[in-house]
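Data file: protein.tsv. Format and content: TSV, C-alpha atoms.
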chain	number	residue	atom	x	y	z
A	1	MET	CA	107.86	60.65	71.41
A	2	SER	CA	107.65	64.09	73.00
A	3	LYS	CA	109.80	64.77	76.04
A	4	LYS	CA	108.25	65.46	79.43
A	5	ARG	CA	107.79	69.19	80.04
A	6	ILE	CA	109.65	70.49	83.09
A	7	TYR	CA	108.28	73.84	84.22
A	8	LEU	CA	109.86	76.85	85.86
A	9	SER	CA	107.17	76.99	88.58
A	10	SER	CA	103.70	75.65	87.88
A	11	PRO	CA	100.67	75.13	90.15
A	12	THR	CA	100.74	72.03	92.36
A	13	MET	CA	97.35	70.79	93.52
A	14	HIS	CA	96.85	68.36	96.41
A	15	GLY	CA	93.14	67.57	96.62
A	16	GLU	CA	92.02	69.60	99.62
A	17	GLU	CA	91.39	72.51	97.28
A	18	GLN	CA	88.51	70.59	95.71
A	19	LYS	CA	86.79	70.19	99.07
A	20	TYR	CA	86.55	73.93	99.61
A	21	VAL	CA	85.59	74.58	96.00
A	22	GLN	CA	82.88	71.92	96.25
A	23	GLU	CA	81.51	73.62	99.36
A	24	ALA	CA	81.21	76.82	97.34
A	25	PHE	CA	79.22	74.97	94.67
A	26	ASP	CA	77.11	73.02	97.17
A	27	THR	CA	76.08	76.22	98.95
A	28	ASN	CA	75.80	78.21	95.69
A	29	TRP	CA	78.48	80.66	96.91
A	30	VAL	CA	80.07	80.97	93.47
A	31	ALA	CA	79.79	84.73	93.18
A	32	PRO	CA	82.41	87.06	94.68
A	33	LEU	CA	82.69	86.97	98.47
A	34	GLY	CA	81.47	84.21	100.74
A	35	PRO	CA	82.71	81.94	103.54
A	36	ASN	CA	85.91	80.86	101.76
A	37	VAL	CA	86.98	84.49	101.28
A	38	ASN	CA	86.43	85.31	104.94
A	39	ALA	CA	88.17	82.14	106.05
A	40	LEU	CA	91.17	82.62	103.76
A	41	GLU	CA	91.69	86.13	105.13
A	42	LYS	CA	91.63	84.84	108.70
A	43	GLU	CA	93.85	81.86	107.92
A	44	MET	CA	96.43	84.04	106.18
A	45	ALA	CA	96.37	86.51	109.06
A	46	ALA	CA	96.94	83.64	111.50
A	47	TYR	CA	99.77	82.15	109.43
A	48	THR	CA	101.69	85.37	108.77
A	49	GLY	CA	100.80	87.37	111.87
A	50	CYS	CA	99.90	90.26	109.55
A	51	GLY	CA	96.96	91.45	111.63
A	52	TYR	CA	94.27	91.95	109.01
A	53	ALA	CA	93.91	90.89	105.38
A	54	ALA	CA	91.79	91.69	102.33
A	55	ALA	CA	91.55	88.97	99.66
A	56	LEU	CA	91.72	90.53	96.20
A	57	SER	CA	91.73	89.65	92.53
A	58	ALA	CA	95.51	90.11	92.12
A	59	GLY	CA	98.67	91.21	93.88
A	60	THR	CA	98.70	94.19	91.50
A	61	ALA	CA	95.31	95.23	92.87
A	62	ALA	CA	96.76	95.04	96.38
A	63	ILE	CA	99.63	97.38	95.45
A	64	HIS	CA	97.17	99.75	93.79
A	65	LEU	CA	94.98	99.88	96.90
A	66	ALA	CA	97.99	100.38	99.17
A	67	LEU	CA	98.96	103.40	97.09
A	68	LYS	CA	95.36	104.67	97.23
A	69	LEU	CA	95.37	104.34	101.01
A	70	LEU	CA	98.53	106.45	101.13
A	71	GLY	CA	96.98	109.12	98.91
A	72	VAL	CA	99.41	108.76	96.01
A	73	GLY	CA	98.27	110.99	93.17
A	74	GLN	CA	99.31	113.28	90.35
A	75	GLY	CA	103.06	113.99	90.45
A	76	ASP	CA	103.75	112.12	93.70
A	77	VAL	CA	107.14	110.39	93.75
A	78	VAL	CA	107.30	106.74	94.81
A	79	PHE	CA	110.62	104.94	95.24
A	80	VAL	CA	110.44	101.43	93.82
A	81	PRO	CA	112.98	98.69	93.02
A	82	ASP	CA	114.46	98.67	89.54
A	83	LEU	CA	114.94	94.88	89.42
A	84	THR	CA	111.38	93.60	89.64
A	85	PHE	CA	108.35	92.70	87.55
A	86	SER	CA	106.44	95.63	86.08
A	87	ALA	CA	103.35	94.88	88.21
A	88	THR	CA	105.22	96.41	91.16
A	89	CYS	CA	105.44	99.72	89.33
A	90	ASN	CA	102.37	99.93	87.11
A	91	PRO	CA	99.94	100.99	89.88
A	92	ILE	CA	102.07	104.06	90.57
A	93	VAL	CA	101.38	105.20	87.04
A	94	TYR	CA	97.68	104.26	87.36
A	95	GLU	CA	97.48	107.09	89.91
A	96	LYS	CA	99.63	109.42	87.77
A	97	GLY	CA	102.44	109.14	90.28
A	98	VAL	CA	106.13	109.21	89.37
A	99	PRO	CA	108.16	106.04	89.91
A	100	VAL	CA	111.82	106.53	90.75
A	101	PHE	CA	113.75	103.31	90.26
A	102	ILE	CA	116.18	102.24	92.97
A	103	ASP	CA	119.02	99.90	92.03
A	104	SER	CA	119.73	96.54	93.66
A	105	GLU	CA	122.58	95.76	96.03
A	106	PRO	CA	124.73	92.68	95.30
A	107	ASP	CA	124.17	90.87	98.61
A	108	THR	CA	120.50	89.96	98.01
A	109	TRP	CA	119.68	91.57	94.62
A	110	ASN	CA	117.01	93.60	96.45
A	111	MET	CA	116.61	97.36	96.90
A	112	SER	CA	119.94	98.97	97.74
A	113	PRO	CA	119.88	100.98	100.99
A	114	GLU	CA	122.79	103.03	99.63
A	115	ALA	CA	120.86	103.94	96.49
A	116	LEU	CA	117.77	104.61	98.62
A	117	GLU	CA	119.76	107.09	100.73
A	118	ARG	CA	120.89	108.86	97.56
A	119	ALA	CA	117.30	108.94	96.30
A	120	PHE	CA	116.21	110.74	99.47
A	121	GLU	CA	118.99	113.28	98.94
A	122	LYS	CA	117.64	113.99	95.46
A	123	TYR	CA	113.91	113.77	96.21
A	124	GLN	CA	113.07	115.18	99.62
A	125	THR	CA	109.42	114.22	99.92
A	126	PRO	CA	108.47	110.95	98.23
A	127	LYS	CA	105.00	109.72	99.05
A	128	ALA	CA	106.00	106.08	99.62
A	129	VAL	CA	108.69	103.46	99.27
A	130	ILE	CA	107.92	100.02	97.83
A	131	CYS	CA	110.42	97.24	98.45
A	132	VAL	CA	110.34	93.80	96.84
A	133	HIS	CA	111.65	90.52	98.23
A	134	LEU	CA	113.04	89.26	94.95
A	135	TYR	CA	112.60	85.57	94.14
A	136	GLY	CA	111.59	85.01	97.77
A	137	THR	CA	114.75	86.42	99.39
A	138	PRO	CA	114.07	89.05	102.09
A	139	ALA	CA	115.49	92.50	101.48
A	140	LYS	CA	117.73	94.31	103.98
A	141	LEU	CA	114.66	95.45	105.87
A	142	ASP	CA	116.34	96.88	108.97
A	143	ARG	CA	118.25	99.44	106.93
A	144	ILE	CA	115.38	100.16	104.55
A	145	MET	CA	112.89	100.59	107.41
A	146	GLU	CA	115.31	102.84	109.32
A	147	ILE	CA	115.76	105.09	106.29
A	148	CYS	CA	111.99	105.27	105.74
A	149	ALA	CA	111.36	106.01	109.43
A	150	ARG	CA	114.01	108.74	109.49
A	151	HIS	CA	112.30	110.46	106.56
A	152	ASN	CA	108.79	109.67	107.83
A	153	VAL	CA	107.83	107.91	104.59
A	154	PRO	CA	105.66	104.76	104.69
A	155	LEU	CA	106.95	101.42	103.41
A	156	ILE	CA	104.94	98.99	101.27
A	157	GLU	CA	106.34	95.46	101.12
A	158	ASP	CA	105.78	93.71	97.82
A	159	ALA	CA	105.97	90.14	99.11
A	160	ALA	CA	104.35	88.71	95.97
A	161	GLU	CA	107.25	86.28	95.55
A	162	SER	CA	108.08	85.74	99.21
A	163	LEU	CA	105.02	84.32	100.98
A	164	GLY	CA	106.42	82.06	103.70
A	165	SER	CA	109.77	83.87	103.85
A	166	THR	CA	110.77	85.48	107.13
A	167	TYR	CA	113.13	88.27	108.17
A	168	LYS	CA	114.52	87.93	111.68
A	169	GLY	CA	111.58	85.69	112.55
A	170	GLN	CA	108.83	87.89	111.10
A	171	HIS	CA	106.99	87.10	107.88
A	172	THR	CA	107.82	89.28	104.93
A	173	GLY	CA	104.85	91.46	104.13
A	174	THR	CA	104.17	92.18	107.81
A	175	LEU	CA	106.97	94.63	108.66
A	176	GLY	CA	105.97	97.60	106.52
A	177	LYS	CA	102.87	99.74	106.83
A	178	TYR	CA	101.21	97.59	104.16
A	179	GLY	CA	102.15	94.26	102.66
A	180	ILE	CA	100.98	92.48	99.56
A	181	TYR	CA	100.95	88.83	98.50
A	182	SER	CA	100.29	87.22	95.13
A	183	PHE	CA	98.54	83.92	94.44
A	184	ASN	CA	99.26	83.91	90.72
A	185	GLY	CA	99.61	80.49	89.11
A	186	ASN	CA	103.40	80.47	89.31
A	187	LYS	CA	103.67	81.51	92.98
A	188	ILE	CA	104.48	79.23	95.91
A	189	ILE	CA	100.75	78.72	96.48
A	190	THR	CA	98.00	79.78	94.09
A	191	THR	CA	94.31	80.58	93.88
A	192	SER	CA	94.71	80.39	90.07
A	193	GLY	CA	94.89	84.17	90.26
A	194	GLY	CA	94.51	86.52	93.18
A	195	GLY	CA	96.30	88.49	95.84
A	196	MET	CA	96.02	89.96	99.28
A	197	LEU	CA	96.61	93.27	101.04
A	198	VAL	CA	97.67	92.99	104.68
A	199	SER	CA	98.26	95.43	107.51
A	200	LYS	CA	98.32	95.70	111.27
A	201	GLU	CA	95.81	98.55	110.86
A	202	GLU	CA	92.26	97.21	110.86
A	203	GLU	CA	90.67	100.42	109.61
A	204	ALA	CA	93.05	100.58	106.66
A	205	VAL	CA	92.16	97.05	105.59
A	206	LYS	CA	88.45	97.85	105.99
A	207	LYS	CA	88.94	100.89	103.75
A	208	ALA	CA	90.79	98.78	101.17
A	209	THR	CA	88.00	96.20	101.24
A	210	PHE	CA	85.43	98.97	100.72
A	211	LEU	CA	87.34	100.36	97.73
A	212	ALA	CA	87.76	96.86	96.31
A	213	THR	CA	84.00	96.28	96.44
A	214	GLN	CA	83.14	99.18	94.09
A	215	ALA	CA	83.12	101.63	97.03
A	216	ARG	CA	79.44	101.03	97.55
A	217	ASP	CA	78.08	103.13	100.41
A	218	PRO	CA	76.03	101.42	103.17
A	219	ALA	CA	72.64	102.35	101.78
A	220	ARG	CA	69.65	100.31	100.61
A	221	HIS	CA	69.97	101.80	97.15
A	222	TYR	CA	73.16	101.82	95.08
A	223	GLN	CA	75.06	104.88	96.23
A	224	HIS	CA	78.71	105.78	95.66
A	225	SER	CA	80.56	108.74	97.15
A	226	GLN	CA	83.95	107.86	95.67
A	227	ILE	CA	85.47	105.81	92.89
A	228	GLY	CA	85.79	102.11	93.66
A	229	TYR	CA	87.19	99.00	92.00
A	230	ASN	CA	86.07	95.47	91.23
A	231	TYR	CA	89.04	93.94	93.05
A	232	ARG	CA	87.57	91.36	95.44
A	233	MET	CA	88.50	87.69	95.27
A	234	SER	CA	85.77	85.19	94.46
A	235	ASN	CA	84.58	82.55	96.88
A	236	VAL	CA	85.57	79.78	94.44
A	237	THR	CA	89.18	80.90	94.00
A	238	ALA	CA	89.47	81.54	97.74
A	239	GLY	CA	88.55	77.89	98.22
A	240	ILE	CA	91.54	76.90	96.11
A	241	GLY	CA	93.71	79.15	98.27
A	242	ARG	CA	92.51	77.57	101.50
A	243	GLY	CA	93.50	74.12	100.25
A	244	GLN	CA	96.84	75.44	99.02
A	245	LEU	CA	97.66	77.17	102.30
A	246	LEU	CA	97.66	73.79	104.01
A	247	HIS	CA	100.71	72.89	101.90
A	248	LEU	CA	102.66	76.16	101.99
A	249	GLU	CA	105.36	74.93	104.37
A	250	GLU	CA	105.69	71.74	102.33
A	251	HIS	CA	106.16	73.77	99.15
A	252	LYS	CA	108.69	76.01	100.87
A	253	ALA	CA	110.73	73.02	102.06
A	254	LYS	CA	110.79	71.60	98.53
A	255	LYS	CA	111.80	74.93	97.00
A	256	LYS	CA	114.66	75.21	99.50
A	257	GLU	CA	115.71	71.65	98.71
A	258	ILE	CA	115.82	72.49	94.99
A	259	TYR	CA	117.98	75.57	95.65
A	260	GLY	CA	120.34	73.48	97.79
A	261	LYS	CA	120.69	70.83	95.08
A	262	TYR	CA	121.63	73.45	92.49
A	263	LYS	CA	124.10	75.11	94.84
A	264	ASP	CA	125.80	71.82	95.68
A	265	ALA	CA	125.82	70.62	92.07
A	266	PHE	CA	127.51	73.78	90.75
A	267	SER	CA	129.91	74.33	93.66
A	268	ASP	CA	132.88	73.15	91.59
A	269	ILE	CA	132.11	75.49	88.67
A	270	GLU	CA	133.75	78.83	89.42
A	271	GLU	CA	131.82	80.55	86.66
A	272	ILE	CA	128.43	79.92	88.37
A	273	THR	CA	127.12	81.82	91.38
A	274	MET	CA	123.65	81.11	92.76
A	275	ASN	CA	121.31	83.97	93.68
A	276	PRO	CA	122.37	85.21	97.13
A	277	LEU	CA	120.23	84.65	100.24
A	278	ASN	CA	119.93	87.06	103.16
A	279	PRO	CA	121.55	85.56	106.29
A	280	ASP	CA	119.10	87.59	108.42
A	281	GLY	CA	116.13	85.86	106.79
A	282	ASP	CA	114.68	82.52	105.84
A	283	ALA	CA	113.90	82.59	102.10
A	284	ASN	CA	111.16	80.52	100.53
A	285	CYS	CA	113.48	80.09	97.49
A	286	TRP	CA	110.51	80.62	95.15
A	287	LEU	CA	112.82	80.69	92.15
A	288	SER	CA	116.42	79.54	92.09
A	289	GLY	CA	118.59	81.82	90.01
A	290	MET	CA	122.19	81.92	88.93
A	291	VAL	CA	124.66	84.35	87.39
A	292	ILE	CA	127.56	83.50	85.14
A	293	ALA	CA	131.01	85.07	85.53
A	294	GLU	CA	131.73	88.00	83.23
A	295	ASN	CA	134.73	86.29	81.63
A	296	SER	CA	132.82	83.11	80.78
A	297	GLU	CA	132.26	82.07	77.17
A	298	ILE	CA	128.91	80.61	78.31
A	299	THR	CA	125.95	82.99	78.27
A	300	PRO	CA	122.50	82.71	79.84
A	301	ASP	CA	121.06	82.22	76.34
A	302	ILE	CA	123.30	79.22	75.72
A	303	ILE	CA	122.03	77.55	78.90
A	304	MET	CA	118.39	78.46	78.27
A	305	ASP	CA	118.62	77.13	74.71
A	306	ALA	CA	120.18	73.87	75.92
A	307	LEU	CA	117.39	73.42	78.47
A	308	ASP	CA	114.70	74.36	75.97
A	309	ALA	CA	116.01	71.70	73.58
A	310	GLU	CA	115.05	69.13	76.24
A	311	ASN	CA	111.61	70.74	76.82
A	312	ILE	CA	112.76	72.35	80.07
A	313	GLU	CA	111.51	75.84	80.93
A	314	SER	CA	113.88	78.52	82.24
A	315	ARG	CA	113.73	82.29	82.04
A	316	PRO	CA	115.91	85.38	82.14
A	317	VAL	CA	116.13	87.40	85.32
A	318	TRP	CA	113.66	90.30	85.42
A	319	LYS	CA	114.66	93.05	83.01
A	320	PRO	CA	115.26	96.21	85.08
A	321	MET	CA	112.52	98.80	84.93
A	322	HIS	CA	114.76	101.66	83.82
A	323	LEU	CA	115.50	99.63	80.66
A	324	GLN	CA	111.81	99.12	79.86
A	325	PRO	CA	110.52	101.34	77.04
A	326	VAL	CA	107.33	102.19	78.94
A	327	PHE	CA	109.35	103.60	81.86
A	328	ALA	CA	112.19	105.22	79.89
A	329	GLN	CA	111.30	108.75	81.02
A	330	TYR	CA	111.67	108.04	84.75
A	331	ASP	CA	114.72	108.47	86.96
A	332	PHE	CA	117.05	105.67	88.07
A	333	ILE	CA	119.29	105.79	91.14
A	334	PRO	CA	122.27	103.40	90.86
A	335	HIS	CA	123.90	101.49	93.72
A	336	ASN	CA	127.46	102.00	92.52
A	337	GLU	CA	129.07	105.41	92.86
A	338	ASP	CA	130.39	105.15	89.31
A	339	GLY	CA	126.81	105.07	88.05
A	340	SER	CA	126.84	101.45	86.92
A	341	SER	CA	123.80	99.30	87.69
A	342	VAL	CA	123.90	96.17	89.84
A	343	GLY	CA	120.48	95.10	88.58
A	344	GLU	CA	121.47	95.52	84.95
A	345	ASP	CA	124.55	93.38	85.54
A	346	VAL	CA	122.44	90.65	87.16
A	347	PHE	CA	120.03	90.78	84.22
A	348	ASN	CA	122.84	90.49	81.68
A	349	ARG	CA	124.50	87.52	83.38
A	350	GLY	CA	121.60	85.76	85.10
A	351	LEU	CA	118.80	83.29	84.55
A	352	CYS	CA	116.10	81.56	86.60
A	353	LEU	CA	116.23	77.77	86.85
A	354	PRO	CA	113.35	75.28	86.99
A	355	SER	CA	112.04	75.47	90.56
A	356	ASP	CA	108.80	73.51	90.37
A	357	VAL	CA	107.92	71.64	93.56
A	358	LYS	CA	106.98	68.66	91.37
A	359	ASN	CA	110.58	68.31	90.14
A	360	THR	CA	111.69	64.73	90.75
A	361	ASP	CA	115.23	63.59	91.52
A	362	GLU	CA	115.45	62.48	87.89
A	363	ASP	CA	114.28	65.91	86.70
A	364	MET	CA	116.94	67.61	88.81
A	365	GLU	CA	119.66	65.27	87.55
A	366	LEU	CA	118.66	66.03	83.96
A	367	ILE	CA	118.60	69.82	84.48
A	368	ILE	CA	121.88	69.83	86.37
A	369	GLY	CA	123.53	67.54	83.82
A	370	ILE	CA	122.58	69.82	80.94
A	371	ILE	CA	123.91	72.92	82.71
A	372	ARG	CA	127.13	71.21	83.77
A	373	GLY	CA	127.54	69.99	80.19
A	374	CYS	CA	127.44	73.59	78.96
A	375	PHE	CA	130.54	74.22	81.06
A	376	GLY	CA	132.24	71.02	79.90
A	377	LYS	CA	131.69	69.25	83.21
Full structure transcribed into structure tokens:
Amino acid sequence: MSKKRIYLSSPTMHGEEQKYVQEAFDTNWVAPLGPNVNALEKEMAAYTGCGYAAALSAGTAAIHLALKLLGVGQGDVVFVPDLTFSATCNPIVYEKGVPVFIDSEPDTWNMSPEALERAFEKYQTPKAVICVHLYGTPAKLDRIMEICARHNVPLIEDAAESLGSTYKGQHTGTLGKYGIYSFNGNKIITTSGGGMLVSKEEEAVKKATFLATQARDPARHYQHSQIGYNYRMSNVTAGIGRGQLLHLEEHKAKKKEIYGKYKDAFSDIEEITMNPLNPDGDANCWLSGMVIAENSEITPDIIMDALDAENIESRPVWKPMHLQPVFAQYDFIPHNEDGSSVGEDVFNRGLCLPSDVKNTDEDMELIIGIIRGCFGK
């Protein structure tokens, strides 16, 4: 008999999604755009306080459009976190820009303000800074925003993993010039695929929406004065998102509960440290992660193999961008003065634990028991 599959973070449906999807079918609004798209944008703006929102086909599309709005082009430098998923960085290269990878700091695993300062010493006029709230934990935004303001460089918040997280009472994604969210299948809520660009600037969001709709000019005939993209979210998938949004706080509470259970369960194992949270924020704990002490005989692979043997999904921490073959030619700015990389150390010693909101108490006991067993506990 096959063992139950326990996932890292899979979609969790509740039923309300079907109501909005059915409305799309009943009214024949199954093509892109429609009432669900408009409503999801308004509901997300109301929930996050972002101002204005454009529902798009992916979070990657939202980053791309943010860079377009800022005029990033051939040879323009953009500072971007090193410890992230490649989708944060790929759109820079779409526009023939130059990513410069900024190391993490150990307190939150997010962009290091110290490394960012050094990057500005080396590159005087970057076009933009992108920060990521890794695994749902807010970055040190006060320091990052102050550095950006001092150099008059706009900040894009990649909040793909941190929808529902707050920093000093404000939603991540709403503090920079532009923010982006992802509704990919593994995120805290999903539209099956999709994303959103948000900003306090209405005209900027209107421009992004125009570009995302093939940049079609307002004429009776098909006329285009600039290059556009097919980046708009469909009315059907937006319906899924509307139903999911009703359960965002519920999902967040469950994710935080899962993180707390891991932290408590491993508190007596000196070799395990959970991913750090920012005391100035309220993390959605999208994924719970851990690192293993350098002197331990147990490696992340040993734990992942033990979990996999019981049909339990876990994954390594993101591999830093400066170690990726596709980005090997780009510069990396370390956090440590000796040139060593915080992000690389986290990658070498870390892994992400099953953080699915459907995890039962029995699931958690099984996962925790396997990991404790690896350490002889």
Nearest residue to Trp318 of chain A from the set A:Pro334, A:Gly343, A:Pro218, A:Gly71 (distances using all atoms listed in the file): A:Gly343
Nearby residues (all atoms listed in the file) at most 8 Å from segment 185-191 of chain A, same-chain spacing under 2 positions excluded, as a ChimeraX atom specification: /A:9-12,160-161,163,182-183,193-194,237-241,244-245,247-248,251-252,286
What does the file look like for those residues with C-alpha atoms, as a compact mmCIF listing (two decimals), in the frame of the given file?
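This went into result-v9.txt:
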# COMPACT_ATOMS: atom_id res chain seq x y z
CA SER A 9 107.17 76.99 88.58
CA SER A 10 103.70 75.65 87.88
CA PRO A 11 100.67 75.13 90.15
CA THR A 12 100.74 72.03 92.36
CA ALA A 160 104.35 88.71 95.97
CA GLU A 161 107.25 86.28 95.55
CA LEU A 163 105.02 84.32 100.98
CA SER A 182 100.29 87.22 95.13
CA PHE A 183 98.54 83.92 94.44
CA GLY A 193 94.89 84.17 90.26
CA GLY A 194 94.51 86.52 93.18
CA THR A 237 89.18 80.90 94.00
CA ALA A 238 89.47 81.54 97.74
CA GLY A 239 88.55 77.89 98.22
CA ILE A 240 91.54 76.90 96.11
CA GLY A 241 93.71 79.15 98.27
CA GLN A 244 96.84 75.44 99.02
CA LEU A 245 97.66 77.17 102.30
CA HIS A 247 100.71 72.89 101.90
CA LEU A 248 102.66 76.16 101.99
CA HIS A 251 106.16 73.77 99.15
CA LYS A 252 108.69 76.01 100.87
CA TRP A 286 110.51 80.62 95.15
Given all atoms listed in the file as the counted atoms, nearest of A:Ala139, A:Leu83, A:Ala46, A:Cys352 to Thr172 of chain A: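 Selected residue with least distance to Thr172 of chain A: A:Ala139.
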Which residue of A:Val236, A:His14, A:Ala215, A:Gln170 approaches Ala31 of chain A most closely, using all atoms listed in the file: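 Closest candidate: A:Val236.
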Pairwise distance for atom CA of Gly49 of chain A and atom CA of Thr213 of chain A, rounded to one decimal in Å: 24.5 Å
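Within the 9 Å cut-off around Ile269 of chain A, using all atoms listed in the file and omitting residues fewer than 2 positions from it on the same chain, the listed residues are A:Ala265, A:Phe266, A:Ser267, A:Glu271, A:Ile272, A:Thr273, A:Arg372, A:Phe375, A:Lys377.
For the set A:Asp331, A:Glu16, A:Glu313, A:Glu294, the residue with the smallest atom-to-atom gap to Lys122 of chain A is A:Asp331, counting all atoms listed in the file.
Atom CA of Arg349 of chain A to atom CA of Arg143 of chain A spans 27.1 Å [interatomic distance, one decimal].
Take atom CA of Leu277 of chain A and atom CA of Trp109 of chain A: the distance between them is 8.9 Å.
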Counting only C-alpha atoms, the residue of A:Asp345, A:Asp107, A:Glu23, A:Glu41 that sits nearest Pro279 of chain A: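 Among the listed residues, the smallest separation from Pro279 of chain A belongs to A:Asp107.
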Name all residues at most 9 Å from Tyr47 of chain A (count all atoms listed in the file; drop same-chain ones fewer than 5 positions away) and give them as a compact mmCIF listing (two decimals) with C-alpha atoms, keeping the file's coordinate frame.
# COMPACT_ATOMS: atom_id res chain seq x y z
CA LYS A 42 91.63 84.84 108.70
CA GLY A 164 106.42 82.06 103.70
CA HIS A 171 106.99 87.10 107.88
CA LEU A 245 97.66 77.17 102.30
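Within the 9 Å cut-off around His151 of chain A, using only C-alpha atoms and omitting residues fewer than 3 positions from it on the same chain, the listed residues are Phe120, Gln124, Thr125, Glu146, Ile147, Cys148 and Pro154 of chain A.
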Find the spatial neighbours of Arg5 of chain A, counting all atoms listed in the file, within a cut-off of 10 Å - ignore same-chain residues fewer than 6 positions away - and output them as an mmCIF file with C-alpha atoms, keeping the file's coordinate frame.
data_model
loop_
_atom_site.group_PDB
_atom_site.id
_atom_site.type_symbol
_atom_site.label_atom_id
_atom_site.label_comp_id
_atom_site.auth_asym_id
_atom_site.auth_seq_id
_atom_site.Cartn_x
_atom_site.Cartn_y
_atom_site.Cartn_z
ATOM 1 C CA ASP A 308 114.700 74.360 75.970
ATOM 2 C CA GLU A 310 115.050 69.130 76.240
ATOM 3 C CA ASN A 311 111.610 70.740 76.820
ATOM 4 C CA ILE A 312 112.760 72.350 80.070
ATOM 5 C CA GLU A 313 111.510 75.840 80.930
ATOM 6 C CA ASP A 363 114.280 65.910 86.700
#
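Between Ser225 of chain A and the residues A:Glu297, A:Ala45, A:Phe210, A:Leu8, the shortest atom-to-atom distance, using all atoms listed in the file, involves A:Phe210.
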Put the listed atoms of segment 294-307 of chain A in a box along x, y and z with 6 Å added on every side and give me the centre and edge lengths in Å to one decimal, as JSON.
{"center_x": 126.1, "center_y": 80.7, "center_z": 79.0, "size_x": 29.3, "size_y": 26.6, "size_z": 20.5}
May I have a table of the residues of segment 141-201 of chain A lying at most 9 Å from segment 127-130 of chain A, giving each one's closest pair of atoms and their distance in Å to one decimal, counting all atoms listed in the file, ordered by chain and ascending residue number, as a Markdown table?
| residue | atom | partner | partner_atom | distance |
| --- | --- | --- | --- | --- |
| A:Cys148 | CA | A:Val129 | CA | 7.5 |
| A:Val153 | CA | A:Ala128 | CA | 5.6 |
| A:Pro154 | CA | A:Ala128 | CA | 5.3 |
| A:Leu155 | CA | A:Val129 | CA | 4.9 |
| A:Ile156 | CA | A:Ile130 | CA | 4.7 |
| A:Glu157 | CA | A:Ile130 | CA | 5.8 |
| A:Asp158 | CA | A:Ile130 | CA | 6.7 |
Exercise: residues within 10 Å of coordinate (123.1, 109.4, 97.1), counting only C-alpha atoms, as a PyMOL selection string: chain A and resi 113-122+333-337
List as a CSV table (one decimal) with C-alpha atoms, keeping the file's coordinate frame the residues having at least one atom at most 12 Å from position (88.2, 96.3, 106.4) as given in the file, counting all atoms listed in the file.
chain,number,residue,atom,x,y,z
A,38,ASN,CA,86.4,85.3,104.9
A,41,GLU,CA,91.7,86.1,105.1
A,51,GLY,CA,97.0,91.4,111.6
A,52,TYR,CA,94.3,92.0,109.0
A,53,ALA,CA,93.9,90.9,105.4
A,54,ALA,CA,91.8,91.7,102.3
A,55,ALA,CA,91.6,89.0,99.7
A,197,LEU,CA,96.6,93.3,101.0
A,198,VAL,CA,97.7,93.0,104.7
A,199,SER,CA,98.3,95.4,107.5
A,200,LYS,CA,98.3,95.7,111.3
A,201,GLU,CA,95.8,98.6,110.9
A,202,GLU,CA,92.3,97.2,110.9
A,203,GLU,CA,90.7,100.4,109.6
A,204,ALA,CA,93.0,100.6,106.7
A,205,VAL,CA,92.2,97.0,105.6
A,206,LYS,CA,88.4,97.8,106.0
A,207,LYS,CA,88.9,100.9,103.8
A,208,ALA,CA,90.8,98.8,101.2
A,209,THR,CA,88.0,96.2,101.2
A,210,PHE,CA,85.4,99.0,100.7
A,211,LEU,CA,87.3,100.4,97.7
A,212,ALA,CA,87.8,96.9,96.3
A,213,THR,CA,84.0,96.3,96.4
A,215,ALA,CA,83.1,101.6,97.0
